[in-house]
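Structure data (compact mmCIF, C-alpha atoms) from upload05.txt:
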```txt
# COMPACT_ATOMS: atom_id res chain seq x y z
CA MET A 595 145.59 17.03 103.60
CA ASP A 596 148.43 16.39 101.13
CA ARG A 597 145.96 15.56 98.36
CA ASN A 598 144.24 18.91 98.85
CA ARG A 599 147.55 20.75 98.64
CA ILE A 600 148.52 18.80 95.53
CA ALA A 601 145.16 19.58 93.91
CA ILE A 602 145.47 23.27 94.67
CA ALA A 603 149.08 23.35 93.45
CA ALA A 604 148.09 21.57 90.23
CA CYS A 605 145.34 24.09 89.66
CA LEU A 606 147.70 27.01 90.14
CA VAL A 607 150.19 25.47 87.73
CA LEU A 608 147.44 25.05 85.14
CA LEU A 609 146.30 28.63 85.56
CA CYS A 610 149.83 29.94 85.18
CA ALA A 611 150.49 27.83 82.09
CA VAL A 612 147.58 29.29 80.12
CA PRO A 613 148.35 32.16 77.73
CA ARG A 614 146.96 35.53 78.72
CA SER A 615 144.65 35.57 75.70
CA ALA A 616 142.83 32.51 77.02
CA ARG A 617 142.42 33.68 80.61
CA GLY A 618 139.22 35.08 82.02
CA ASP A 619 136.96 32.21 81.00
CA SER A 620 134.90 31.07 83.94
CA SER A 621 133.10 28.33 82.05
CA THR A 622 133.68 24.65 81.67
CA GLN A 623 132.23 24.72 78.17
CA HIS A 624 134.15 23.32 75.24
CA PRO A 625 135.37 26.25 73.17
CA MET A 626 134.47 24.66 69.82
CA SER A 627 130.93 25.53 68.83
CA SER A 628 131.02 23.14 65.89
CA ALA A 629 132.27 20.27 68.02
CA PRO A 630 129.75 17.49 68.59
CA ASN A 631 128.27 16.85 72.03
CA ALA A 632 129.35 20.18 73.52
CA ALA A 633 127.39 20.69 76.73
CA GLN A 634 125.38 23.89 77.00
CA SER A 635 125.84 26.29 79.89
CA GLY A 636 124.06 29.42 81.04
CA SER A 637 127.20 31.52 81.18
CA GLN A 638 127.22 34.50 78.81
CA ARG A 639 130.99 34.21 78.26
CA VAL A 640 130.65 30.65 76.99
CA GLY A 641 129.04 31.78 73.75
CA SER A 642 131.86 34.28 73.31
CA LEU A 643 134.50 31.59 73.67
CA GLU A 644 132.66 29.36 71.22
CA ASP A 645 132.53 32.29 68.83
CA ASP A 646 136.33 32.64 69.02
CA PHE A 647 136.72 29.35 67.14
CA ALA A 648 133.49 29.38 65.10
CA GLY A 649 133.73 29.28 61.32
CA LEU A 650 137.43 28.44 61.12
CA ASP A 651 138.25 26.23 58.15
CA LEU A 652 139.87 23.36 60.04
CA SER A 653 141.74 20.58 58.28
CA ASP A 654 140.87 16.96 59.02
CA GLU A 655 144.14 16.69 60.96
CA GLN A 656 143.24 19.72 63.09
CA LYS A 657 139.75 18.35 63.73
CA SER A 658 141.23 15.03 64.83
CA GLU A 659 143.74 16.69 67.13
CA ILE A 660 141.07 18.94 68.65
CA GLU A 661 138.79 15.98 69.26
CA LYS A 662 141.66 14.18 71.03
CA ILE A 663 142.25 17.26 73.21
CA ARG A 664 138.54 17.46 74.03
CA GLN A 665 138.32 13.77 74.98
CA ASP A 666 141.41 14.02 77.17
CA THR A 667 140.06 17.11 78.91
CA GLU A 668 136.66 15.55 79.42
CA SER A 669 138.30 12.50 80.98
CA ARG A 670 140.26 14.72 83.38
CA ARG A 671 137.13 16.67 84.29
CA GLY A 672 135.32 13.44 85.05
CA VAL A 673 138.07 12.32 87.43
CA VAL A 674 137.98 15.66 89.26
CA ALA A 675 134.18 15.69 89.45
CA LYS A 676 134.18 12.24 91.09
CA ASP A 677 137.04 12.95 93.52
CA SER A 678 135.49 12.92 97.00
CA ASN A 679 138.67 14.33 98.55
CA LEU A 680 138.12 17.72 96.89
CA ASN A 681 135.57 20.29 98.02
CA SER A 682 133.36 22.06 95.50
CA ASP A 683 135.62 25.13 95.29
CA GLN A 684 138.63 22.94 94.55
CA LYS A 685 136.68 20.96 91.95
CA ASN A 686 135.48 24.16 90.27
CA ALA A 687 139.00 25.59 90.22
CA MET A 688 140.43 22.41 88.70
CA ILE A 689 137.67 22.17 86.10
CA GLN A 690 138.14 25.83 85.15
CA GLY A 691 141.86 25.22 84.87
CA TYR A 692 141.24 22.29 82.56
CA ALA A 693 138.92 24.43 80.42
CA ARG A 694 141.63 27.08 80.09
CA LEU A 695 144.23 24.47 79.31
CA GLU A 696 141.96 22.93 76.67
CA TYR A 697 141.40 26.34 75.10
CA SER A 698 145.13 27.03 74.90
CA GLN A 699 145.89 23.56 73.50
CA ILE A 700 143.27 24.00 70.79
CA PHE A 701 144.68 27.45 70.01
CA ARG A 702 148.13 25.91 69.45
CA VAL A 703 146.65 23.47 66.90
CA LEU A 704 145.57 26.39 64.71
CA THR A 705 147.64 27.81 61.89
CA PRO A 706 149.18 31.26 62.44
CA ILE A 707 146.45 32.84 60.28
CA GLN A 708 143.71 31.09 62.26
CA GLN A 709 145.38 32.18 65.50
CA ARG A 710 145.40 35.78 64.25
CA VAL A 711 141.65 35.54 63.52
CA VAL A 712 140.99 34.17 67.02
CA ARG A 713 143.11 36.92 68.63
CA GLN A 714 141.19 39.57 66.68
CA ARG A 715 137.90 38.08 67.87
CA ILE A 716 139.13 38.09 71.47
CA MET A 717 140.25 41.71 71.21
CA ALA A 718 136.93 42.73 69.63
CA ARG A 719 134.99 40.92 72.39
CA ARG A 720 137.05 42.62 75.10
CA ALA A 721 136.55 46.03 73.49
CA ALA A 722 132.80 45.38 73.32
CA ASP A 723 132.78 44.27 76.97
CA GLN A 724 134.59 47.46 77.98
CA ALA A 725 132.23 49.62 75.92
CA SER A 726 129.16 47.98 77.46
CA LYS A 727 130.48 48.69 80.96
CA GLY A 728 130.66 52.39 80.16
CA PRO A 729 133.31 54.83 81.32
CA GLN A 730 134.96 53.93 84.59
CA PRO A 731 135.55 56.72 87.10
CA HIS A 732 139.21 57.54 87.54
CA GLN A 733 140.54 56.69 90.99
CA ALA A 734 143.41 58.57 92.50
CA PRO A 735 146.38 56.38 93.47
CA LYS A 736 146.73 55.57 97.15
CA ASN A 737 149.77 56.90 98.98
```
Would you kindly transcribe this structure into structure tokens?
Amino acid sequence: MDRNRIAIAACLVLLCAVPRSARGDSSTQHPMSSAPNAAQSGSQRVGSLEDDFAGLDLSDEQKSEIEKIRQDTESRRGVVAKDSNLNSDQKNAMIQGYARLEYSQIFRVLTPIQQRVVRQRIMARRAADQASKGPQPHQAPKN
């Protein structure tokens, strides 16, 4: 029982540690579209996250650091996936947390200009998502 509590607590800590701009990703996809060996997923948001980092002119040092982050994250995901003490919901939550953490770590490797480009892409994607949903009916506040 303690392992389950520790796993859940670790997941919550990971989710709280991720910057707001990186939240909302429900995929376990690597956010770098140009990164080798990135697994493909059916999630529509995955392509959007890959697009956030696509086309950035990364230095060799940045590429190396990002690859290290990806390998570390993949190793952690593998441990969680093989942990028989966690149920599938716990595993999914942990893996999603690792994906968010990976995204935020990669974001920190970027230069301020690259970060600005990524933020603009995120804002544009969110605006497009809102526009595609159409106008939302206004709800009166509950008393």
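Closest approach to Phe647 of chain A among A:Ser726, A:Ser682, A:Gln709, A:Gln665: A:Gln709, based on all atoms listed in the file.
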Atom pair atom CA of Lys727 of chain A / atom CA of Arg715 of chain A: separation (Å):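 Between atom CA of Lys727 of chain A and atom CA of Arg715 of chain A the gap is 18.4 Å.
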Coordinates-based distance that separates atom CA of Leu650 of chain A from atom CA of Arg710 of chain A (Å, one decimal):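 According to the coordinates, atom CA of Arg710 of chain A and atom CA of Leu650 of chain A are separated by 11.3 Å.
With all atoms listed in the file as the atoms that count, the minimum distance from Glu661 of chain A to the choices A:Glu696, A:Ala718, A:Val711, A:Gly728 is reached by A:Glu696.
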Give the centre and edge lengths of an axis-aligned box, in Å to one decimal, that holds all listed atoms of segment 699-716 of chain A with 8 Å on each side, as JSON.
```
{"center_x": 143.5, "center_y": 31.5, "center_z": 66.9, "size_x": 27.3, "size_y": 32.1, "size_z": 29.2}
```
One-decimal distance in Å that lies between atom CA of Arg671 of chain A and atom CA of Met688 of chain A: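 Going from atom CA of Met688 of chain A over to atom CA of Arg671 of chain A covers 8.0 Å.
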Residue contacts of Ile663 of chain A (10 Å, all atoms listed in the file) excluding same-chain residues fewer than 5 positions away, as a PyMOL selection string: chain A and resi 657-658+668-669+695-697+699-700+703
For the residues selected in the previous step, produce a file with C-alpha atoms as a short mmCIF file (atom, residue, chain, number, x, y, z; two decimals), in the frame of the given file.
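Contents of again.cif, as written:
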```
data_model
loop_
_atom_site.label_atom_id
_atom_site.label_comp_id
_atom_site.auth_asym_id
_atom_site.auth_seq_id
_atom_site.Cartn_x
_atom_site.Cartn_y
_atom_site.Cartn_z
CA LYS A 657 139.75 18.35 63.73
CA SER A 658 141.23 15.03 64.83
CA GLU A 668 136.66 15.55 79.42
CA SER A 669 138.30 12.50 80.98
CA LEU A 695 144.23 24.47 79.31
CA GLU A 696 141.96 22.93 76.67
CA TYR A 697 141.40 26.34 75.10
CA GLN A 699 145.89 23.56 73.50
CA ILE A 700 143.27 24.00 70.79
CA VAL A 703 146.65 23.47 66.90
#
```
Could N, CA and C atoms be built for segment 645-671 of chain A and written out as a short mmCIF file (atom, residue, chain, number, x, y, z; two decimals), in the coordinates of the input?
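Once written, result.cif looks like this:
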```
data_model
loop_
_atom_site.label_atom_id
_atom_site.label_comp_id
_atom_site.auth_asym_id
_atom_site.auth_seq_id
_atom_site.Cartn_x
_atom_site.Cartn_y
_atom_site.Cartn_z
N ASP A 645 132.43 31.42 70.00
CA ASP A 645 132.53 32.29 68.83
C ASP A 645 133.97 32.51 68.40
N ASP A 646 134.91 32.45 69.36
CA ASP A 646 136.33 32.64 69.02
C ASP A 646 136.79 31.63 67.97
N PHE A 647 136.28 30.42 68.04
CA PHE A 647 136.72 29.35 67.14
C PHE A 647 135.71 29.05 66.03
N ALA A 648 134.55 29.68 66.07
CA ALA A 648 133.49 29.38 65.10
C ALA A 648 133.91 29.78 63.69
N GLY A 649 133.54 28.95 62.73
CA GLY A 649 133.73 29.28 61.32
C GLY A 649 135.15 29.14 60.80
N LEU A 650 136.07 28.65 61.61
CA LEU A 650 137.43 28.44 61.12
C LEU A 650 137.43 27.23 60.19
N ASP A 651 138.15 27.33 59.11
CA ASP A 651 138.25 26.23 58.15
C ASP A 651 139.33 25.27 58.64
N LEU A 652 138.92 24.30 59.44
CA LEU A 652 139.87 23.36 60.04
C LEU A 652 140.13 22.19 59.11
N SER A 653 141.39 21.77 59.05
CA SER A 653 141.74 20.58 58.28
C SER A 653 141.28 19.34 59.04
N ASP A 654 141.24 18.21 58.36
CA ASP A 654 140.87 16.96 59.02
C ASP A 654 141.85 16.64 60.16
N GLU A 655 143.13 16.94 59.93
CA GLU A 655 144.14 16.69 60.96
C GLU A 655 143.88 17.56 62.19
N GLN A 656 143.53 18.83 61.97
CA GLN A 656 143.24 19.72 63.09
C GLN A 656 142.00 19.24 63.84
N LYS A 657 140.97 18.84 63.10
CA LYS A 657 139.75 18.35 63.73
C LYS A 657 140.04 17.13 64.59
N SER A 658 140.86 16.23 64.09
CA SER A 658 141.23 15.03 64.83
C SER A 658 141.99 15.38 66.10
N GLU A 659 142.95 16.28 65.97
CA GLU A 659 143.74 16.69 67.13
C GLU A 659 142.87 17.38 68.17
N ILE A 660 141.97 18.23 67.73
CA ILE A 660 141.07 18.94 68.65
C ILE A 660 140.15 17.96 69.36
N GLU A 661 139.65 16.99 68.63
CA GLU A 661 138.79 15.98 69.26
C GLU A 661 139.56 15.20 70.32
N LYS A 662 140.81 14.88 70.05
CA LYS A 662 141.66 14.18 71.03
C LYS A 662 141.84 15.05 72.28
N ILE A 663 142.10 16.33 72.09
CA ILE A 663 142.25 17.26 73.21
C ILE A 663 140.96 17.30 74.04
N ARG A 664 139.83 17.39 73.34
CA ARG A 664 138.54 17.46 74.03
C ARG A 664 138.27 16.19 74.85
N GLN A 665 138.56 15.02 74.26
CA GLN A 665 138.32 13.77 74.98
C GLN A 665 139.23 13.67 76.21
N ASP A 666 140.48 14.05 76.06
CA ASP A 666 141.41 14.02 77.17
C ASP A 666 140.95 14.95 78.30
N THR A 667 140.53 16.14 77.92
CA THR A 667 140.06 17.11 78.91
C THR A 667 138.80 16.61 79.60
N GLU A 668 137.89 16.06 78.83
CA GLU A 668 136.66 15.55 79.42
C GLU A 668 136.95 14.42 80.40
N SER A 669 137.90 13.57 80.08
CA SER A 669 138.30 12.50 80.98
C SER A 669 138.85 13.07 82.29
N ARG A 670 139.69 14.08 82.18
CA ARG A 670 140.26 14.72 83.38
C ARG A 670 139.17 15.38 84.22
N ARG A 671 138.24 16.04 83.56
CA ARG A 671 137.13 16.67 84.29
C ARG A 671 136.32 15.63 85.05
#
```
